[in-house]
Amino acid sequence: MADTNIGFVRSVFSQQVPATYEMVNHILTLGLDIAWRKQAAKIAAMADGGQWADLCTGTGETAVYLSKLAPKDTTVYAIDLSVPMLEQARKKPRARRIRFVSSDTLVLPFADESFDLLVMSFATRNINQSKDILVRTFTEYYRVLKPGGRFVNVETSRPSLWVVRRVRDLYVKLFVKSIGGAISGSSMAYGYLAHTIPRFYGPQELRDIIRLAGFTKVNFQRQVFGLAAIHQGMKGCKSQPLVNDSHPFLNKGGGLSYRD
Ligand SMILES: C[S@@+](CC[C@H](N)C(=O)[O-])C[C@H]1O[C@@H](n2cnc3c(N)ncnc32)[C@H](O)[C@@H]1O
């Protein structure tokens, strides 16, 4: 069984990175990461309210978007293993409406069926590149979701067009480590980012990994030539009709469907 790289992740997100994390992302993606997070939050927020969580929240950008979109009386949790990243998140004006929890998401400190919605942005690559560990992690997410609950994940992806992939890989090689390292002071962290982006799973492979953890109706939406992808899966429930049959990710064939 593959090992988690939790020690490495903790060290990457505990040194120079947290203070400049958001600025570096916005510069390196030319602001696209903001649009992708917002789109994932918008898709996610079609869920009923209740208990929502942003997993691997980092500096809490997605948790803030979720908190703005959440129905009244929804509790939004923001969970991450890096205390320095959570400290940055806590500085945000909206933070007082969010509950922060420091935890490894592979072993969540919540009972089975606690959440109506789980969201994760740009953390899948950091959790691990190993299929085995990703399946274990998503199985843990499945455990804490209520039947009928949804998991929405946004991550950089593999563009299907060869030419887009080549341009993306060249851009990553030339700029990610150099610019990210220069601004943050950690070439190790941005060298790691540059190493993992071109090697990460394509959208179909990630969909299959999410399915292996038990999720049903798993689907994805490519963003900007497939540079990123937003995946969504449901925790099945035998007897209830879908909460939102008109959702674009679900029920593509039309008609009333039931959770499987
Ligand atoms: C690239 S950042 C993404 C942060 C944020 N979600 C965003 O959209 O910018 C990855 C985050 O995942 C966290 N992380 C990685 N593996 C984790 C794990 N197993 N449990 C909890 N947090 C984890 C890191 O501490 C880091 O804050």
# chains A, B, ... in the order shown; residues from 1 in each chain; ligands from 1
>>> residues_around(residues="A:Leu206", least_positions_apart="4", cutoff="9 Å", atoms="only C-alpha atoms", output="tab-separated table (two decimals) with N, CA and C atoms, in the first residue's frame")
chain	number	residue	atom	x	y	z
A	131	LYS	N	-3.02	6.55	-6.90
A	131	LYS	CA	-4.43	6.21	-7.05
A	131	LYS	C	-4.97	5.60	-5.75
A	201	TYR	N	-3.57	13.15	-13.25
A	201	TYR	CA	-4.55	12.39	-14.03
A	201	TYR	C	-5.37	13.27	-14.96
A	202	GLY	N	-5.79	12.69	-16.06
A	202	GLY	CA	-6.76	13.33	-16.94
A	202	GLY	C	-8.14	13.26	-16.30
A	210	ILE	N	-12.74	8.64	-8.43
A	210	ILE	CA	-13.84	9.08	-7.55
A	210	ILE	C	-14.91	7.98	-7.49
A	211	ARG	N	-15.17	7.36	-8.64
A	211	ARG	CA	-16.14	6.25	-8.67
A	211	ARG	C	-15.70	5.09	-7.78
A	231	HIS	N	-15.09	18.16	-11.07
A	231	HIS	CA	-15.77	16.87	-10.98
A	231	HIS	C	-16.86	16.95	-9.90
>>> residues_near_ligand(ligand="ligand 1", cutoff="9 Å", atoms="only C-alpha atoms and all ligand atoms", output="PDB file with C-alpha atoms, in the first residue's frame")
ATOM      1  CA  THR A   4       0.795   9.310   2.254  1.00  0.00           C
ATOM      2  CA  ASN A   5       3.112  12.295   1.787  1.00  0.00           C
ATOM      3  CA  ILE A   6       1.613  14.166   4.694  1.00  0.00           C
ATOM      4  CA  VAL A   9       2.816  18.478   2.394  1.00  0.00           C
ATOM      5  CA  ARG A  10       2.940  19.829   5.939  1.00  0.00           C
ATOM      6  CA  SER A  11       6.424  21.207   5.383  1.00  0.00           C
ATOM      7  CA  VAL A  12       5.553  22.747   1.981  1.00  0.00           C
ATOM      8  CA  PHE A  13       2.545  24.605   3.401  1.00  0.00           C
ATOM      9  CA  SER A  14       4.181  25.596   6.658  1.00  0.00           C
ATOM     10  CA  PRO A  18       1.207  30.664   3.160  1.00  0.00           C
ATOM     11  CA  TYR A  21       0.069  31.693  -1.614  1.00  0.00           C
ATOM     12  CA  GLU A  22      -2.943  33.478  -3.111  1.00  0.00           C
ATOM     13  CA  ASN A  25      -1.697  31.515  -7.724  1.00  0.00           C
ATOM     14  CA  ASP A  33      -7.864  30.042 -10.532  1.00  0.00           C
ATOM     15  CA  ILE A  34     -10.321  32.589  -9.107  1.00  0.00           C
ATOM     16  CA  ARG A  37     -12.920  28.246  -7.662  1.00  0.00           C
ATOM     17  CA  ASP A  54     -14.317  22.935   2.161  1.00  0.00           C
ATOM     18  CA  LEU A  55     -11.659  20.224   2.397  1.00  0.00           C
ATOM     19  CA  CYS A  56      -7.954  21.151   2.217  1.00  0.00           C
ATOM     20  CA  THR A  57      -9.156  24.737   2.398  1.00  0.00           C
ATOM     21  CA  GLY A  58      -5.683  26.297   2.527  1.00  0.00           C
ATOM     22  CA  THR A  59      -6.170  30.051   2.862  1.00  0.00           C
ATOM     23  CA  GLY A  60      -9.933  29.572   2.678  1.00  0.00           C
ATOM     24  CA  GLU A  61     -10.846  31.183  -0.650  1.00  0.00           C
ATOM     25  CA  THR A  62     -13.337  28.487  -1.619  1.00  0.00           C
ATOM     26  CA  ALA A  63     -14.759  28.362   1.918  1.00  0.00           C
ATOM     27  CA  ILE A  79     -10.543  21.882   7.055  1.00  0.00           C
ATOM     28  CA  ASP A  80      -6.793  21.683   6.469  1.00  0.00           C
ATOM     29  CA  LEU A  81      -3.769  20.068   8.086  1.00  0.00           C
ATOM     30  CA  SER A  82      -1.601  23.176   7.770  1.00  0.00           C
ATOM     31  CA  VAL A  83      -2.058  25.558  10.693  1.00  0.00           C
ATOM     32  CA  PRO A  84      -0.129  28.400   8.940  1.00  0.00           C
ATOM     33  CA  MET A  85      -2.499  28.153   5.931  1.00  0.00           C
ATOM     34  CA  LEU A  86      -5.507  28.195   8.288  1.00  0.00           C
ATOM     35  CA  SER A 102      -7.106  21.418  11.602  1.00  0.00           C
ATOM     36  CA  SER A 103      -7.052  17.818  10.387  1.00  0.00           C
ATOM     37  CA  ASP A 104      -5.689  15.395   7.844  1.00  0.00           C
ATOM     38  CA  THR A 105      -8.639  14.800   5.522  1.00  0.00           C
ATOM     39  CA  LEU A 106      -7.690  11.129   5.218  1.00  0.00           C
ATOM     40  CA  VAL A 107      -8.959  10.692   8.790  1.00  0.00           C
ATOM     41  CA  LEU A 108     -11.688  13.260   9.349  1.00  0.00           C
ATOM     42  CA  VAL A 119     -15.930  20.718  -1.838  1.00  0.00           C
ATOM     43  CA  MET A 120     -12.213  20.612  -2.549  1.00  0.00           C
ATOM     44  CA  SER A 121     -10.172  22.984  -4.698  1.00  0.00           C
ATOM     45  CA  PHE A 122      -6.660  22.480  -6.057  1.00  0.00           C
ATOM     46  CA  ALA A 123      -5.658  19.961  -3.411  1.00  0.00           C
ATOM     47  CA  THR A 124      -6.062  16.555  -5.075  1.00  0.00           C
ATOM     48  CA  ARG A 125      -2.537  16.695  -6.512  1.00  0.00           C
ATOM     49  CA  ASN A 126      -1.194  17.608  -3.072  1.00  0.00           C
ATOM     50  CA  ILE A 127      -2.936  14.831  -1.214  1.00  0.00           C
ATOM     51  CA  ASN A 128      -1.118  12.341  -3.393  1.00  0.00           C
ATOM     52  CA  THR A 137      -9.118   9.693   0.804  1.00  0.00           C
ATOM     53  CA  VAL A 154     -11.799  21.317  -8.886  1.00  0.00           C
ATOM     54  CA  GLU A 155      -8.239  20.588  -9.941  1.00  0.00           C
ATOM     55  CA  LEU A 193       3.965  22.191  -8.240  1.00  0.00           C
TER      56      LEU A 193
END
>>> select_by_dssp(residues="stretch 168-235 of chain A", states="strand (DSSP E or B)", output="MDAnalysis selection string")
chainID A and resid 216:223 228:234
>>> write_last_selection(atoms="C-alpha atoms", output="PDB file, in the first residue's frame")
ATOM      1  CA  THR A 216     -22.258   7.619  -8.253  1.00  0.00           C
ATOM      2  CA  LYS A 217     -23.320   9.937 -11.062  1.00  0.00           C
ATOM      3  CA  VAL A 218     -19.732  11.132 -11.306  1.00  0.00           C
ATOM      4  CA  ASN A 219     -19.307  13.703 -14.011  1.00  0.00           C
ATOM      5  CA  PHE A 220     -16.907  16.466 -14.941  1.00  0.00           C
ATOM      6  CA  GLN A 221     -16.793  19.806 -16.689  1.00  0.00           C
ATOM      7  CA  ARG A 222     -13.580  20.902 -18.420  1.00  0.00           C
ATOM      8  CA  GLN A 223     -12.503  24.489 -17.872  1.00  0.00           C
ATOM      9  CA  ALA A 228      -8.715  22.464 -15.115  1.00  0.00           C
ATOM     10  CA  ALA A 229     -11.707  20.226 -14.484  1.00  0.00           C
ATOM     11  CA  ILE A 230     -14.585  20.315 -12.025  1.00  0.00           C
ATOM     12  CA  HIS A 231     -15.772  16.868 -10.975  1.00  0.00           C
ATOM     13  CA  GLN A 232     -18.926  16.068  -9.099  1.00  0.00           C
ATOM     14  CA  GLY A 233     -20.147  12.855  -7.507  1.00  0.00           C
ATOM     15  CA  MET A 234     -23.038  11.814  -5.301  1.00  0.00           C
TER      16      MET A 234
END
>>> atom_distance(atom1="atom CA of A:Lys42", atom2="atom CA of A:Ala19")
26.6 Å
>>> residues_around(residues="A:Phe138", least_positions_apart="4", cutoff="9 Å", atoms="only C-alpha atoms", output="compact mmCIF listing (two decimals) with N, CA and C atoms, in the first residue's frame")
# COMPACT_ATOMS: atom_id res chain seq x y z
N LEU A 106 -7.64 12.59 5.37
CA LEU A 106 -7.69 11.13 5.22
C LEU A 106 -8.34 10.47 6.44
N ILE A 133 -4.01 6.04 -2.64
CA ILE A 133 -4.26 7.00 -1.56
C ILE A 133 -5.42 7.91 -1.90
N LEU A 134 -5.56 8.27 -3.17
CA LEU A 134 -6.72 9.10 -3.54
C LEU A 134 -8.03 8.34 -3.30
N TYR A 142 -16.59 10.03 1.34
CA TYR A 142 -17.87 9.32 1.16
C TYR A 142 -18.47 8.97 2.53
N ARG A 143 -17.61 8.54 3.43
CA ARG A 143 -18.08 8.14 4.77
C ARG A 143 -18.79 9.29 5.48
N ILE A 209 -11.40 7.29 -10.46
CA ILE A 209 -10.89 7.20 -9.08
C ILE A 209 -12.01 7.59 -8.10
N ILE A 210 -12.74 8.64 -8.43
CA ILE A 210 -13.84 9.08 -7.55
C ILE A 210 -14.91 7.98 -7.49
N LEU A 212 -14.39 4.79 -7.81
CA LEU A 212 -13.89 3.66 -7.02
C LEU A 212 -14.13 3.85 -5.53
N ALA A 213 -14.25 5.12 -5.10
CA ALA A 213 -14.52 5.39 -3.68
C ALA A 213 -16.00 5.22 -3.35
N GLY A 214 -16.82 4.92 -4.34
CA GLY A 214 -18.23 4.64 -4.08
C GLY A 214 -19.18 5.68 -4.63
N PHE A 215 -18.66 6.80 -5.13
CA PHE A 215 -19.56 7.86 -5.60
C PHE A 215 -20.26 7.43 -6.89
>>> select_by_dssp(residues="stretch 7-195 of chain A", states="alpha helix (DSSP H)", output="number ranges by chain")
A: 7-12, 17-28, 32-44, 61-69, 83-90, 124-127, 131-144, 162-171, 177-184, 187-195
>>> atom_distance(atom1="atom CA of A:Ala95", atom2="atom CA of A:Lys38")
17.1 Å
>>> closest_residue(among="A:Gly226, A:Pro93, A:Gly49, A:Gly191", to="A:Lys173", atoms="only C-alpha atoms")
A:Gly191
>>> atom_distance(atom1="atom CA of A:Glu205", atom2="atom CA of A:Gln129")
11.9 Å
>>> residues_around(residues="A:Ser67", least_positions_apart="6", cutoff="9 Å", atoms="only C-alpha atoms", output="MDAnalysis selection string")
chainID A and resid 52 74:76 94 97:98
>>> write_last_selection(atoms="C-alpha atoms", output="compact mmCIF listing (two decimals), in the first residue's frame")
# COMPACT_ATOMS: atom_id res chain seq x y z
CA TRP A 52 -20.96 22.03 4.21
CA THR A 74 -25.88 26.45 6.77
CA THR A 75 -22.67 25.81 8.67
CA VAL A 76 -19.53 25.98 6.53
CA ARG A 94 -15.77 36.39 6.31
CA ARG A 97 -18.82 32.84 9.75
CA ILE A 98 -16.67 29.76 9.04
>>> residues_around(residues="stretch 26-28 of chain A", least_positions_apart="2", cutoff="8 Å", atoms="only C-alpha atoms", output="PyMOL selection string")
chain A and resi 22-24+30-34+175-176+179-180
>>> residues_around(residues="A:Tyr171", least_positions_apart="6", cutoff="12 Å", atoms="only C-alpha atoms", output="short mmCIF file (atom, residue, chain, number, x, y, z; two decimals) with C-alpha atoms, in the first residue's frame")
data_model
loop_
_atom_site.label_atom_id
_atom_site.label_comp_id
_atom_site.auth_asym_id
_atom_site.auth_seq_id
_atom_site.Cartn_x
_atom_site.Cartn_y
_atom_site.Cartn_z
CA LEU A 28 0.68 32.16 -12.35
CA THR A 29 -2.83 31.37 -13.62
CA LEU A 30 -3.46 34.95 -14.81
CA VAL A 164 -2.65 22.90 -25.58
CA ARG A 165 -0.85 20.33 -23.44
CA LYS A 177 9.20 27.28 -10.30
CA SER A 178 10.99 30.52 -11.22
CA ILE A 179 8.16 32.99 -10.53
CA ALA A 194 5.74 22.31 -11.61
CA ILE A 197 0.87 19.50 -12.82
CA PRO A 198 1.93 17.74 -16.08
CA LEU A 227 -6.54 23.23 -18.13
#
